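Beneath this line is the structure, given in structure tokens, with notes to follow.
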Amino acid sequence: MPKRNLSLGLRALAAVVFLLRALSAQPAQQPAAPAGPPSGQPAPSFADSRAPMEPAAARQRLAATAMEESLARQRASVNQQLAQTATGNFFILPPPLPLGATVPAPALPGTFADCDPLPSAQVDTLVDEAAKRQHLEEDVLRGVMRQESAFRPCAVSSKGAMGLMQLMPATASQLRVKHPFDPAENVEAGAKLLKDLLSRYGGDLALALGAYNAGAATVDAAEAVPQIPETQDYVRKIMSSLPAKQP
């Protein structure tokens, strides 16, 4: 091999070695770090990211607490009313029905509530006063009361009729009865209803009693005491309890 070519090859090899050493001497390039907060400010923490949500969470906790307190007050009120009703004091109304009901009535099972009949002296006073105001015969009014409730002031039928004269909620509302279990108010309303029915049927007691039990529309449709076993029995028992009129 000629000396000139050998010299060129050595110089080229030296150049390659120098280039490799220069490249290996440079520090390895590190990947760019994520941008941090401005100089002098600490990096945001997880607590900082929750800070904007704290007011909303606090308001929700307060609302939940207020709701629990309201429910507790309502439960206490209902329990107090139930306790008062259990004492037999019929002047204190039981808890009201849901929205839409016209007149509140207690949810008591069976035909009659579990309370004692009024003393006969109190029944006599109620009948005497209401009969005089509505121009009714006392025996008729007493007979209706006996058949309707057996003189039990907290009586409630399976259909929702209330009190001594068994006023239906719609009837009590129409007659503006505020306290359907108040004996005096209940009897006054029942006496007025009976008087109106007697006037409607020209003094025919049987028709008036049939309408008191089954409704005036039913009597009007039948043009007589309806052929309903309950109504027929109702009219018969009241009529038979009345004293015979002297000729």
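Quick note on naming: the chains in the structure tokens go A, B, ... in the order shown, residues restart at 1 in each chain, and ligands are numbered from 1 in order of appearance.
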
Might you pull out every residue within 10 Å of Asp116 of chain A, with only C-alpha atoms counted and same-chain residues fewer than 5 positions away left off, and present them as a CSV table (one decimal) with C-alpha atoms, in the first residue's frame?
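Everything below was put into part12.csv:
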chain,number,residue,atom,x,y,z
A,88,GLY,CA,-110.7,10.2,74.6
A,150,ALA,CA,-125.1,4.8,69.3
A,151,PHE,CA,-124.3,8.1,71.0
A,152,ARG,CA,-120.5,7.7,70.5
A,153,PRO,CA,-119.0,11.2,69.8
A,154,CYS,CA,-115.9,9.8,68.1
A,155,ALA,CA,-117.7,7.3,65.8

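Non-sequential neighbours of segment 126-135 of chain A (distance at most 10 Å, separation of 4 or more positions within a chain, only C-alpha atoms) are Ser120, Ala121, Gln122, Asp139, Val140, Leu141, Arg142, Met145, Pro183, Ala184, Glu185, Asn186, Val187, Glu188, Ala189, Gly190, Ala191, Lys192, Leu193, Leu194, Lys195 and Asp196 of chain A.
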
For the residues in that selection, give me N, CA and C atoms as a PDB file, in the first residue's frame.
ATOM      1  N   SER A 120    -126.458  10.107  79.220  1.00  0.00           N
ATOM      2  CA  SER A 120    -127.816  10.394  78.734  1.00  0.00           C
ATOM      3  C   SER A 120    -128.212  11.849  78.989  1.00  0.00           C
ATOM      4  N   ALA A 121    -127.742  12.417  80.086  1.00  0.00           N
ATOM      5  CA  ALA A 121    -128.082  13.814  80.374  1.00  0.00           C
ATOM      6  C   ALA A 121    -127.493  14.744  79.327  1.00  0.00           C
ATOM      7  N   GLN A 122    -126.271  14.469  78.891  1.00  0.00           N
ATOM      8  CA  GLN A 122    -125.659  15.311  77.871  1.00  0.00           C
ATOM      9  C   GLN A 122    -126.346  15.118  76.529  1.00  0.00           C
ATOM     10  N   ASP A 139    -137.644  13.238  69.537  1.00  0.00           N
ATOM     11  CA  ASP A 139    -137.547  11.784  69.404  1.00  0.00           C
ATOM     12  C   ASP A 139    -136.965  11.390  68.043  1.00  0.00           C
ATOM     13  N   VAL A 140    -137.285  12.133  67.023  1.00  0.00           N
ATOM     14  CA  VAL A 140    -136.749  11.836  65.696  1.00  0.00           C
ATOM     15  C   VAL A 140    -135.239  12.068  65.679  1.00  0.00           C
ATOM     16  N   LEU A 141    -134.821  13.201  66.207  1.00  0.00           N
ATOM     17  CA  LEU A 141    -133.396  13.520  66.222  1.00  0.00           C
ATOM     18  C   LEU A 141    -132.619  12.515  67.073  1.00  0.00           C
ATOM     19  N   ARG A 142    -133.199  12.152  68.225  1.00  0.00           N
ATOM     20  CA  ARG A 142    -132.531  11.173  69.087  1.00  0.00           C
ATOM     21  C   ARG A 142    -132.475   9.806  68.405  1.00  0.00           C
ATOM     22  N   MET A 145    -129.665   9.818  65.885  1.00  0.00           N
ATOM     23  CA  MET A 145    -128.359   9.775  66.551  1.00  0.00           C
ATOM     24  C   MET A 145    -128.063   8.377  67.079  1.00  0.00           C
ATOM     25  N   PRO A 183    -119.388  17.465  69.872  1.00  0.00           N
ATOM     26  CA  PRO A 183    -120.774  16.992  69.907  1.00  0.00           C
ATOM     27  C   PRO A 183    -121.801  18.056  69.562  1.00  0.00           C
ATOM     28  N   ALA A 184    -121.668  19.246  70.140  1.00  0.00           N
ATOM     29  CA  ALA A 184    -122.665  20.297  69.889  1.00  0.00           C
ATOM     30  C   ALA A 184    -122.678  20.714  68.424  1.00  0.00           C
ATOM     31  N   GLU A 185    -121.506  20.909  67.843  1.00  0.00           N
ATOM     32  CA  GLU A 185    -121.435  21.336  66.442  1.00  0.00           C
ATOM     33  C   GLU A 185    -121.900  20.220  65.506  1.00  0.00           C
ATOM     34  N   ASN A 186    -121.561  18.993  65.839  1.00  0.00           N
ATOM     35  CA  ASN A 186    -121.954  17.868  65.003  1.00  0.00           C
ATOM     36  C   ASN A 186    -123.466  17.669  65.014  1.00  0.00           C
ATOM     37  N   VAL A 187    -124.067  17.719  66.201  1.00  0.00           N
ATOM     38  CA  VAL A 187    -125.516  17.509  66.302  1.00  0.00           C
ATOM     39  C   VAL A 187    -126.266  18.652  65.633  1.00  0.00           C
ATOM     40  N   GLU A 188    -125.788  19.870  65.781  1.00  0.00           N
ATOM     41  CA  GLU A 188    -126.451  21.010  65.141  1.00  0.00           C
ATOM     42  C   GLU A 188    -126.467  20.849  63.624  1.00  0.00           C
ATOM     43  N   ALA A 189    -125.331  20.421  63.068  1.00  0.00           N
ATOM     44  CA  ALA A 189    -125.263  20.233  61.622  1.00  0.00           C
ATOM     45  C   ALA A 189    -126.150  19.076  61.170  1.00  0.00           C
ATOM     46  N   GLY A 190    -126.144  17.979  61.929  1.00  0.00           N
ATOM     47  CA  GLY A 190    -126.998  16.857  61.571  1.00  0.00           C
ATOM     48  C   GLY A 190    -128.475  17.210  61.642  1.00  0.00           C
ATOM     49  N   ALA A 191    -128.852  17.993  62.646  1.00  0.00           N
ATOM     50  CA  ALA A 191    -130.252  18.422  62.766  1.00  0.00           C
ATOM     51  C   ALA A 191    -130.645  19.316  61.602  1.00  0.00           C
ATOM     52  N   LYS A 192    -129.760  20.192  61.183  1.00  0.00           N
ATOM     53  CA  LYS A 192    -130.050  21.062  60.045  1.00  0.00           C
ATOM     54  C   LYS A 192    -130.216  20.248  58.769  1.00  0.00           C
ATOM     55  N   LEU A 193    -129.350  19.253  58.580  1.00  0.00           N
ATOM     56  CA  LEU A 193    -129.470  18.404  57.396  1.00  0.00           C
ATOM     57  C   LEU A 193    -130.794  17.656  57.401  1.00  0.00           C
ATOM     58  N   LEU A 194    -131.171  17.099  58.541  1.00  0.00           N
ATOM     59  CA  LEU A 194    -132.435  16.367  58.630  1.00  0.00           C
ATOM     60  C   LEU A 194    -133.621  17.292  58.364  1.00  0.00           C
ATOM     61  N   LYS A 195    -133.567  18.518  58.887  1.00  0.00           N
ATOM     62  CA  LYS A 195    -134.646  19.480  58.641  1.00  0.00           C
ATOM     63  C   LYS A 195    -134.750  19.817  57.158  1.00  0.00           C
ATOM     64  N   ASP A 196    -133.616  20.017  56.496  1.00  0.00           N
ATOM     65  CA  ASP A 196    -133.625  20.330  55.062  1.00  0.00           C
ATOM     66  C   ASP A 196    -134.229  19.176  54.258  1.00  0.00           C
TER      67      ASP A 196
END

As a VMD selection string, please: every residue in segment 177-244 of chain A that a backbone DSSP assignment puts in helix (DSSP H, G or I). chain A and resid 183 to 200 205 to 214 216 to 222 229 to 241

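We find atom CA of Lys159 of chain A and atom CA of Ala214 of chain A to be spaced 12.0 Å apart.
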
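Comparing the minimum interatomic distances between Val144 of chain A and each of A:Cys115, A:Ala170, A:Leu164, A:Ala244, counting only C-alpha atoms, we find that A:Leu164 sits nearest.
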
Selection near Val177 of chain A, 10 Å with only C-alpha atoms, sequence-local residues under 3 positions removed, as a PyMOL selection string: chain A and resi 103+167+169+171-174+180-182+185-186+188-189

Please produce an output containing C-alpha atoms for each residue in the selection, written as a compact mmCIF listing (two decimals), in the first residue's frame.
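Heads up, here's the output in part_26.txt:
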# COMPACT_ATOMS: atom_id res chain seq x y z
CA VAL A 103 -112.52 17.62 56.71
CA LEU A 167 -121.59 13.56 58.90
CA PRO A 169 -116.80 14.98 54.93
CA THR A 171 -121.63 17.35 54.03
CA ALA A 172 -119.62 18.71 56.95
CA SER A 173 -117.78 21.03 54.58
CA GLN A 174 -121.02 22.20 52.98
CA PRO A 180 -116.89 17.47 63.29
CA PHE A 181 -116.12 15.66 66.55
CA ASP A 182 -117.41 18.47 68.76
CA GLU A 185 -121.43 21.34 66.44
CA ASN A 186 -121.95 17.87 65.00
CA GLU A 188 -126.45 21.01 65.14
CA ALA A 189 -125.26 20.23 61.62

Give me, please, the distance in Å between atom CA of Ala224 of chain A and atom CA of Ala211 of chain A, quoted to one decimal. 9.6 Å

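Atom CA of Pro226 of chain A sits 20.3 Å away from atom CA of Ser241 of chain A.
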